[in-house]
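A.B. asks: upload_13.txt (compact mmCIF, C-alpha atoms) pasted underneath:
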```txt
# COMPACT_ATOMS: atom_id res chain seq x y z
CA MET W 459 -2.72 35.64 103.44
CA SER W 460 -4.22 32.93 101.28
CA ASP W 461 -2.85 29.60 100.23
CA TYR W 462 -3.46 27.50 97.10
CA ASP W 463 -4.34 23.85 96.92
CA PHE W 464 -2.29 21.97 94.35
CA ARG W 465 -3.67 18.74 92.80
CA PRO W 466 -2.22 16.10 90.50
CA ALA W 467 -1.59 16.91 86.84
CA GLY W 468 -4.62 16.58 84.58
CA SER W 469 -6.99 17.77 87.26
CA LEU W 470 -5.38 21.05 88.24
CA LYS W 471 -7.84 23.27 89.97
CA LEU W 472 -6.90 26.29 91.98
CA LYS W 473 -8.83 27.21 95.08
CA ARG W 474 -8.39 30.32 97.14
CA THR W 475 -8.33 29.51 100.90
CA THR W 476 -8.03 31.49 104.04
CA ALA W 477 -5.44 31.15 106.73
CA ASP W 478 -7.54 28.83 108.79
CA GLY W 479 -8.18 26.56 105.80
CA GLY W 480 -11.51 27.89 104.68
CA VAL W 481 -12.48 28.48 101.04
CA VAL W 482 -13.21 31.96 99.84
CA LYS W 483 -16.50 32.15 97.92
CA LYS W 484 -16.75 34.40 94.85
CA LYS W 485 -19.47 36.96 94.54
CA ARG W 486 -22.09 36.09 92.03
CA LYS W 487 -22.60 38.48 89.11
CA LYS W 488 -25.98 40.00 88.55
CA SER W 489 -28.03 38.33 85.87
CA LYS W 490 -28.36 39.93 82.49
CA HIS W 491 -32.08 40.19 82.60
CA LYS W 492 -31.87 42.28 85.72
CA GLU W 493 -29.48 44.70 84.02
CA ASP W 494 -31.82 44.98 81.01
CA SER W 495 -34.71 45.83 83.29
CA ALA W 496 -32.69 48.55 85.00
CA GLU W 497 -31.66 50.19 81.73
CA PRO W 498 -35.05 51.88 80.95
CA GLU W 499 -35.12 53.32 84.45
CA ARG W 500 -31.74 54.97 83.96
CA GLU W 501 -32.84 56.36 80.57
CA ARG W 502 -35.90 57.99 82.09
CA LYS W 503 -33.75 59.65 84.72
CA ARG W 504 -31.34 60.98 82.07
CA VAL W 505 -34.19 62.51 80.03
CA LYS W 506 -35.54 64.26 83.09
CA GLU W 507 -32.16 65.69 83.90
CA SER W 508 -31.40 66.84 80.22
CA PRO W 509 -32.25 70.54 79.39
CA THR W 510 -35.07 71.54 77.01
CA ASN W 511 -34.55 72.87 73.46
CA ASP W 512 -34.76 76.50 74.54
CA GLU W 513 -32.28 75.92 77.26
CA ALA W 514 -29.99 74.19 74.80
CA ASP W 515 -30.21 77.14 72.37
CA GLU W 516 -29.35 79.54 75.15
CA ALA W 517 -26.45 77.32 76.07
CA ASP W 518 -25.28 77.31 72.42
CA THR W 519 -25.44 81.09 72.14
CA THR W 520 -23.65 81.69 75.41
CA HIS W 521 -21.17 78.83 74.70
CA THR W 522 -18.87 78.88 77.57
CA PRO W 523 -15.49 77.50 76.73
CA PRO W 524 -14.71 74.08 78.12
CA PRO W 525 -12.65 73.83 81.22
CA PRO W 526 -8.94 73.56 80.76
CA GLY W 527 -8.79 69.93 81.69
CA SER W 528 -11.62 68.75 79.49
CA ASP W 529 -11.15 66.89 76.12
CA ARG W 530 -12.73 68.34 72.92
CA ASN W 531 -12.98 64.90 71.35
CA SER W 532 -14.92 63.45 74.21
CA PRO W 533 -18.48 62.21 73.52
CA ALA W 534 -19.92 64.97 75.62
CA ALA W 535 -18.11 67.66 73.62
CA SER W 536 -19.09 66.19 70.23
CA SER W 537 -22.74 65.97 71.22
CA SER W 538 -22.79 69.56 72.31
CA SER W 539 -21.05 70.81 69.08
CA SER W 540 -23.48 68.90 66.81
CA LYS W 541 -26.38 70.65 68.46
CA ARG W 542 -24.78 74.05 67.87
CA LYS W 543 -26.77 76.46 65.65
CA LYS W 544 -25.19 77.40 62.25
CA THR W 545 -24.06 80.98 61.79
CA ASP W 546 -25.07 83.27 58.92
CA ALA W 547 -21.65 82.98 57.29
CA GLU W 548 -21.87 79.20 57.26
CA LYS W 549 -25.34 79.37 55.77
CA ARG W 550 -24.18 81.74 52.99
CA PHE W 551 -21.20 79.48 52.24
CA GLU W 552 -23.47 76.46 51.90
CA GLU W 553 -25.82 78.37 49.58
CA VAL W 554 -22.89 79.44 47.35
CA GLN W 555 -21.61 75.86 47.16
CA LYS W 556 -25.07 74.63 46.34
CA LYS W 557 -25.47 77.17 43.50
CA ARG W 558 -22.07 76.30 42.06
CA LEU W 559 -23.01 72.63 42.08
CA GLN W 560 -26.30 73.35 40.30
CA GLN W 561 -24.53 75.46 37.66
CA ARG W 562 -21.97 72.73 37.04
CA VAL W 563 -24.69 70.11 36.67
CA ALA W 564 -26.61 72.35 34.25
CA LYS W 565 -23.44 73.00 32.25
CA MET W 566 -22.66 69.29 32.01
CA ALA W 567 -26.24 68.59 30.90
CA HIS W 568 -25.96 71.09 28.01
CA LYS W 569 -22.64 69.67 26.80
CA THR W 570 -22.85 67.59 23.63
CA HIS W 571 -21.13 64.30 23.04
CA LYS W 572 -18.57 66.01 20.84
CA ASP W 573 -17.69 68.55 23.55
CA ARG W 574 -17.19 65.83 26.12
CA VAL W 575 -15.00 63.84 23.73
CA ASN W 576 -12.91 66.92 22.91
CA GLU W 577 -12.52 67.74 26.57
CA PHE W 578 -11.53 64.15 27.27
CA ASN W 579 -9.02 64.18 24.40
CA SER W 580 -7.48 67.44 25.56
CA HIS W 581 -7.10 65.91 28.96
CA LEU W 582 -5.37 62.89 27.45
CA GLU W 583 -3.06 65.14 25.45
CA SER W 584 -2.04 66.96 28.58
CA LEU W 585 -1.32 63.62 30.19
CA SER W 586 0.65 62.39 27.18
CA GLU W 587 3.01 65.34 27.54
CA HIS W 588 4.23 63.93 30.83
CA HIS W 589 3.57 60.25 30.18
CA ASP W 590 4.14 57.98 27.16
CA ILE W 591 0.57 57.26 25.93
CA PRO W 592 0.75 56.39 22.17
CA LYS W 593 -2.56 57.09 20.42
CA ALA W 594 -4.60 56.30 23.48
CA SER W 595 -7.07 59.08 22.73
CA VAL W 596 -8.64 57.04 19.96
CA LEU W 597 -9.34 54.10 22.26
CA PHE W 598 -10.67 56.33 25.03
CA SER W 599 -12.82 58.30 22.59
CA HIS W 600 -14.42 55.03 21.41
CA ALA W 601 -15.02 54.08 25.02
CA ALA W 602 -16.56 57.47 25.74
CA ARG W 603 -18.75 57.16 22.64
CA ARG W 604 -20.03 53.79 23.80
CA TRP W 605 -20.59 55.18 27.29
CA ASN W 606 -22.55 58.14 25.89
CA GLY W 607 -24.18 56.21 23.05
CA SER W 608 -27.66 57.30 23.98
CA SER W 609 -26.78 61.00 23.57
CA SER W 610 -24.63 60.67 20.43
CA GLU W 611 -25.66 62.79 17.48
CA PRO W 612 -26.07 61.33 13.95
CA PRO W 613 -23.23 62.14 11.52
CA ARG W 614 -23.86 65.16 9.40
CA PRO W 615 -23.58 64.81 5.61
CA GLN W 616 -20.45 66.33 4.09
CA ARG W 617 -21.50 68.85 1.50
CA ASN W 618 -18.06 69.29 0.00
CA VAL W 619 -17.82 65.64 -1.14
CA VAL W 620 -18.56 65.23 -4.86
CA GLY W 621 -20.21 62.02 -6.07
CA VAL W 622 -18.41 59.57 -8.39
CA PHE W 623 -20.88 59.82 -11.28
CA SER W 624 -21.00 63.49 -12.09
CA PRO W 625 -22.53 64.54 -15.44
CA THR W 626 -19.09 64.90 -17.02
CA SER W 627 -17.84 61.52 -15.84
CA ALA W 628 -21.11 59.86 -16.91
CA ALA W 629 -20.78 61.33 -20.42
CA VAL W 630 -17.17 60.14 -20.68
CA PHE W 631 -18.19 56.68 -19.46
CA VAL W 632 -20.97 56.39 -22.07
CA ALA W 633 -18.69 57.63 -24.87
CA VAL W 634 -15.93 55.17 -24.00
CA GLY W 635 -18.41 52.29 -23.71
CA ALA W 636 -19.95 53.08 -27.12
CA GLY W 637 -16.52 53.32 -28.71
CA LEU W 638 -15.45 49.98 -27.29
CA PHE W 639 -18.70 48.37 -28.46
CA PHE W 640 -18.32 49.50 -32.08
CA TYR W 641 -14.63 48.67 -32.10
CA PHE W 642 -15.11 45.10 -30.91
CA ARG W 643 -18.05 44.56 -33.27
CA HIS W 644 -15.92 45.72 -36.21
CA GLU W 645 -13.08 43.44 -35.17
CA LYS W 646 -15.48 40.51 -34.82
CA GLU W 647 -16.84 41.06 -38.32
CA LYS W 648 -13.30 41.20 -39.72
CA LEU W 649 -12.40 37.99 -37.95
CA ILE W 650 -15.51 36.20 -39.25
CA GLU W 651 -14.80 37.39 -42.79
CA GLN W 652 -11.21 36.23 -42.58
CA ARG W 653 -12.28 32.80 -41.34
CA GLU W 654 -14.76 32.48 -44.21
CA LYS W 655 -12.03 33.32 -46.70
CA GLU W 656 -9.70 30.79 -45.18
CA ARG W 657 -12.44 28.16 -45.15
CA SER W 658 -13.33 28.77 -48.79
CA ALA W 659 -9.67 28.74 -49.86
CA GLN W 660 -8.84 25.65 -47.84
CA SER W 661 -8.72 22.46 -49.87
CA TYR W 662 -10.28 19.47 -48.20
CA GLY W 663 -9.56 15.88 -49.12
CA ARG W 664 -12.06 14.26 -51.45
CA PRO W 665 -14.09 11.32 -50.17
CA ASN W 666 -13.34 7.99 -51.71
CA VAL W 667 -16.44 7.73 -53.90
CA GLY W 668 -16.35 5.96 -57.26
CA GLY W 669 -14.24 3.24 -58.71
CA PRO W 670 -13.96 0.69 -61.49
CA PHE W 671 -17.16 -0.96 -62.75
CA SER W 672 -18.55 -2.59 -65.89
CA LEU W 673 -22.27 -2.54 -66.79
CA THR W 674 -24.47 -2.95 -69.84
CA LYS W 675 -25.50 0.21 -71.67
CA CYS W 676 -29.21 0.33 -72.52
CA ALA W 677 -29.00 2.49 -75.63
CA SER W 678 -31.59 0.41 -77.49
CA SER W 679 -34.05 -2.35 -76.89
CA ASN W 680 -31.58 -4.93 -78.26
CA PRO W 681 -28.14 -4.12 -76.79
CA LYS W 682 -25.08 -5.56 -78.45
CA PRO W 683 -22.01 -7.09 -76.78
CA GLU W 684 -20.05 -3.96 -77.50
CA ASP W 685 -22.61 -1.86 -75.57
CA VAL W 686 -20.63 -2.02 -72.35
CA PHE W 687 -20.17 1.02 -70.13
CA THR W 688 -17.21 1.21 -67.71
CA ASP W 689 -15.63 3.82 -65.44
CA LYS W 690 -13.36 4.77 -68.36
CA ASP W 691 -16.37 6.18 -70.20
CA LEU W 692 -16.65 8.88 -67.50
CA LEU W 693 -13.39 10.50 -68.56
CA GLY W 694 -13.59 13.75 -70.51
CA LYS W 695 -17.17 14.55 -69.45
CA TRP W 696 -19.09 15.95 -66.49
CA SER W 697 -21.30 13.12 -65.25
CA LEU W 698 -24.41 13.21 -63.04
CA VAL W 699 -24.89 9.65 -61.66
CA TYR W 700 -28.11 8.52 -59.97
CA PHE W 701 -29.07 5.06 -58.56
CA GLY W 702 -32.70 3.86 -58.64
CA PHE W 703 -35.16 1.40 -60.21
CA THR W 704 -37.91 1.68 -62.79
CA ASN W 705 -40.72 0.44 -60.49
CA CYS W 706 -40.15 3.30 -58.03
CA PRO W 707 -43.47 5.10 -57.54
CA ASP W 708 -42.41 8.71 -56.83
CA ILE W 709 -38.86 9.39 -55.58
CA CYS W 710 -36.90 8.15 -58.60
CA PRO W 711 -39.05 10.00 -61.21
CA ALA W 712 -38.71 13.23 -59.17
CA GLU W 713 -34.93 12.93 -58.97
CA LEU W 714 -34.64 12.13 -62.67
CA ASP W 715 -36.71 15.22 -63.48
CA LYS W 716 -34.42 17.33 -61.26
CA VAL W 717 -31.36 16.03 -63.13
CA THR W 718 -33.06 16.89 -66.44
CA VAL W 719 -33.53 20.52 -65.31
CA ILE W 720 -29.91 20.74 -64.14
CA VAL W 721 -28.57 19.44 -67.45
CA ASN W 722 -30.67 21.91 -69.44
CA ASP W 723 -29.52 24.86 -67.29
CA LEU W 724 -25.88 23.84 -67.63
CA LYS W 725 -26.15 23.59 -71.42
CA LYS W 726 -27.60 27.10 -71.49
CA SER W 727 -24.83 28.53 -69.34
CA PHE W 728 -22.03 26.43 -70.88
CA PRO W 729 -23.06 25.39 -74.43
CA ASP W 730 -19.82 23.53 -75.08
CA LEU W 731 -19.78 21.78 -71.70
CA PRO W 732 -19.92 17.98 -72.14
CA VAL W 733 -22.54 16.71 -69.66
CA GLN W 734 -23.96 13.17 -69.51
CA PRO W 735 -26.75 12.05 -67.10
CA ILE W 736 -26.44 8.38 -65.97
CA PHE W 737 -29.08 6.17 -64.40
CA ILE W 738 -27.86 2.89 -62.73
CA SER W 739 -30.45 0.31 -61.74
CA VAL W 740 -30.41 -1.29 -58.23
CA ASP W 741 -33.09 -3.84 -59.20
CA PRO W 742 -31.28 -6.27 -61.56
CA ALA W 743 -34.07 -8.89 -61.36
CA ARG W 744 -36.77 -6.72 -62.98
CA ASP W 745 -34.87 -3.86 -64.72
CA THR W 746 -33.94 -5.38 -68.07
CA PRO W 747 -32.30 -3.36 -70.89
CA ASP W 748 -35.63 -3.11 -72.72
CA GLN W 749 -37.39 -1.87 -69.55
CA MET W 750 -34.64 0.72 -68.92
CA HIS W 751 -34.77 1.97 -72.53
CA LEU W 752 -38.52 2.50 -72.44
CA TYR W 753 -38.41 4.08 -68.98
CA LEU W 754 -35.76 6.71 -69.81
CA GLN W 755 -37.61 7.92 -72.89
CA ASP W 756 -39.86 9.99 -70.63
CA PHE W 757 -36.89 12.04 -69.35
CA HIS W 758 -33.89 13.76 -70.92
CA PRO W 759 -32.82 12.22 -74.27
CA ASP W 760 -29.16 12.16 -73.19
CA TYR W 761 -29.84 9.78 -70.32
CA ILE W 762 -27.66 6.64 -70.26
CA GLY W 763 -29.22 3.60 -68.57
CA LEU W 764 -26.91 0.96 -67.02
CA VAL W 765 -27.87 -2.52 -65.78
CA GLY W 766 -26.01 -5.63 -64.68
CA ASP W 767 -26.40 -8.83 -62.74
CA TYR W 768 -26.58 -8.91 -58.96
CA GLN W 769 -22.80 -9.08 -58.38
CA GLN W 770 -22.09 -6.25 -60.85
CA THR W 771 -24.80 -4.11 -59.25
CA LYS W 772 -23.48 -4.82 -55.78
CA SER W 773 -19.92 -3.92 -56.82
CA VAL W 774 -20.83 -0.55 -58.34
CA CYS W 775 -23.07 0.33 -55.36
CA LYS W 776 -20.22 -0.45 -52.98
CA ALA W 777 -17.83 1.76 -55.00
CA TYR W 778 -20.25 4.72 -54.80
CA ARG W 779 -21.29 4.09 -51.16
CA VAL W 780 -24.89 3.37 -52.15
CA TYR W 781 -27.20 1.23 -50.03
CA PHE W 782 -29.87 -0.99 -51.69
CA SER W 783 -32.11 -3.69 -50.25
CA THR W 784 -32.74 -5.99 -53.28
CA PRO W 785 -32.20 -9.64 -52.29
CA PRO W 786 -30.01 -11.85 -54.52
CA ASN W 787 -32.84 -14.26 -55.33
CA ALA W 788 -35.54 -11.67 -56.01
CA ASP W 789 -38.48 -12.81 -58.19
CA PRO W 790 -38.51 -10.93 -61.52
CA LYS W 791 -42.30 -11.08 -61.52
CA GLY W 792 -42.65 -10.09 -57.90
CA ASP W 793 -44.22 -6.86 -56.67
CA TYR W 794 -41.79 -5.33 -54.18
CA LEU W 795 -40.09 -2.04 -53.42
CA VAL W 796 -36.36 -1.44 -53.17
CA ASP W 797 -34.95 0.75 -50.43
CA HIS W 798 -31.82 2.63 -51.57
CA SER W 799 -29.76 5.79 -51.08
CA ILE W 800 -31.04 8.96 -52.77
CA PHE W 801 -28.10 11.01 -54.05
CA VAL W 802 -27.00 12.54 -57.34
CA TYR W 803 -23.21 12.29 -57.69
CA LEU W 804 -21.23 14.86 -59.66
CA MET W 805 -18.08 13.41 -61.27
CA ASP W 806 -15.44 15.62 -62.95
CA PRO W 807 -13.88 14.90 -66.38
CA GLN W 808 -11.15 12.85 -64.66
CA GLY W 809 -13.76 10.51 -63.14
CA LYS W 810 -13.24 11.92 -59.61
CA PHE W 811 -16.00 12.70 -57.18
CA LEU W 812 -16.75 16.41 -56.58
CA GLU W 813 -20.15 16.79 -54.90
CA ALA W 814 -23.32 14.91 -53.90
CA PHE W 815 -26.83 16.42 -53.93
CA GLY W 816 -29.48 14.89 -51.69
CA GLN W 817 -33.24 14.81 -52.03
CA SER W 818 -33.62 18.08 -50.06
CA THR W 819 -31.46 20.04 -52.55
CA ASP W 820 -33.53 21.70 -55.26
CA SER W 821 -32.47 21.99 -58.92
CA LYS W 822 -31.62 25.70 -58.69
CA THR W 823 -29.26 25.30 -55.74
CA ALA W 824 -27.61 22.31 -57.32
CA THR W 825 -27.15 24.15 -60.64
CA GLU W 826 -25.47 27.15 -58.96
CA LYS W 827 -23.14 24.90 -57.03
CA ILE W 828 -22.18 22.95 -60.16
CA LYS W 829 -21.47 26.18 -62.01
CA GLU W 830 -19.08 27.28 -59.26
CA LEU W 831 -17.32 23.92 -59.31
CA VAL W 832 -17.05 23.89 -63.10
CA THR W 833 -15.62 27.42 -63.11
CA ALA W 834 -13.08 26.72 -60.34
CA TRP W 835 -12.15 23.22 -61.53
CA LYS W 836 -8.61 22.54 -62.64
CA PRO W 837 -7.27 19.18 -63.84
CA ALA W 838 -5.27 17.33 -61.21
CA ALA W 839 -1.59 16.91 -62.01
```
As a first step, turn the structure in this file into structure tokens.

C.D. replies:
Amino acid sequence: MSDYDFRPAGSLKLKRTTADGGVVKKKRKKSKHKEDSAEPERERKRVKESPTNDEADEADTTHTPPPPGSDRNSPAASSSSSKRKKTDAEKRFEEVQKKRLQQRVAKMAHKTHKDRVNEFNSHLESLSEHHDIPKASVLFSHAARRWNGSSSEPPRPQRNVVGVFSPTSAAVFVAVGAGLFFYFRHEKEKLIEQREKERSAQSYGRPNVGGPFSLTKCASSNPKPEDVFTDKDLLGKWSLVYFGFTNCPDICPAELDKVTVIVNDLKKSFPDLPVQPIFISVDPARDTPDQMHLYLQDFHPDYIGLVGDYQQTKSVCKAYRVYFSTPPNADPKGDYLVDHSIFVYLMDPQGKFLEAFGQSTDSKTATEKIKELVTAWKPAA
């Protein structure tokens, strides 16, 4: 019987002793390297004792059943069964399975993307009969299409779809477009014509041109005190009033000639029409009555020349909106030009302004316009 030596806490160490107080020594375990060196020796002995392949085949064919007390799942039993030779029935079964697998693989290879999608959808429909799967086939078909994208076939064109622009529809489109074009063009022309009629019939306000004045009439070389011409002398006659000066080199003679042609044409068209051409000087320092009388003899005999002092000339020019550049203290013997407005004013028998013709208007255009105004003119109430 052995006793145990108890020591204080913290340094508890058990020792096995004999009855006489001696300590029993433990047997030392063999080192690992010695066991590793012994392992190859045991393997060589096991190989020598194992049967050859022929002997193993004979053992497989004879196959004695295991003893009653032995375990089929033991390592020895499993090693012996794995080395057993396959029978003809097992070989035929494996060949049949192999052929079926090859046929299935070949069948799957020949299936198109559409067949696989249809098969997948039919499978989903069968599942939806037992489970609530709302429209899941569409999502799964898209997933299958992405999965089999490399083998997907291009969409075939639909032959039964008719294009939008058939010959009949194209003809109808062209006919409707042409009809709309002519209709809108006709309506546009009617609108333009109506606007022109309204514009011609519309009465605009007259500009404030003209007014009272008093000038000397140059009917002869020696005018008398009673030879005074005022705005009252315009009443009862159609007057063509022009502003200029006798020393003008080219513009004033051309405008006076144009007025002469207009007066002659009006007298031919309207023999009883009272027309008087009037020439008002804007150079009071040099245009004396004698100078005006001699100057107008080269133009129409009905011309009436009017002159005045600087203030009278300035007043009449302001009334008719005429610009002139003659200075108040101009030298009568000086050689200078006068800048002034170039217009021929048409005044009606009531002394009211009707129209103004500029330098760019020729005599023919001015005559036609005056004829229209004379024909359409009515005395103001």

A.B. asks: Restricting the calculation to only C-alpha atoms: of W:Asn705, W:Ser727, W:Thr545, W:Thr718, which residue gets closest to W:Ala743?

C.D. replies: W:Asn705

A.B. asks: For atom CA of W:Glu813 and atom CA of W:Lys827, quote the distance in Å rounded to one decimal.

C.D. replies: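 The value is 8.9 Å.
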
A.B. asks: If I take atom CA of W:Phe815 and atom CA of W:Gly766, how far is one from the other in Å, to one decimal?

C.D. replies: 24.5 Å

A.B. asks: Kindly indicate which residue among W:Val563, W:Ala547, W:Leu673, W:Met805 lies nearest to W:Lys695, using all atoms listed in the file for the distances.

C.D. replies: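 When distances to W:Lys695 are compared using all atoms listed in the file, the smallest one comes from W:Met805.
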
A.B. asks: Taking into account only C-alpha atoms, which residue in the set W:Thr688, W:Thr833, W:Thr626, W:Gln817 is nearest to W:Ser672?

C.D. replies: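 Under the stated criterion, the closest residue is W:Thr688.
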
A.B. asks: Excluding W:Pro790 and its own-chain neighbours fewer than 3 positions away, which residues fall within 10 Å of it when counting all atoms listed in the file? Please give them as a VMD selection string.

C.D. replies: chain W and resid 741 to 746 787 793 to 794

A.B. asks: May I ask for the distance between atom CA of W:Asn722 and atom CA of W:Phe757, given in Å to one decimal place?

C.D. replies: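 Interatomic distance, atom CA of W:Asn722 to atom CA of W:Phe757: 11.7 Å.
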
A.B. asks: Near W:Trp696, counting only C-alpha atoms, which residues have an atom at most 6 Å away, once you skip same-chain residues fewer than 6 positions from it, shown as a list in words?

C.D. replies: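 The neighbour list is Val733, Met805, Asp806 and Pro807 of chain W.
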
A.B. asks: Smallest atom-to-atom distance to W:Pro759: which of W:Gln734, W:Gln652, W:Thr674, W:Thr784, using only C-alpha atoms?

C.D. replies: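 Looking at the shortest contact to W:Pro759, the residue is W:Gln734.
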
A.B. asks: Smallest atom-to-atom distance to W:Leu764: which of W:Ser584, W:Gln808, W:Gln561, W:Ser739, using all atoms listed in the file?

C.D. replies: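 Closest residue, counting all atoms listed in the file: W:Ser739.
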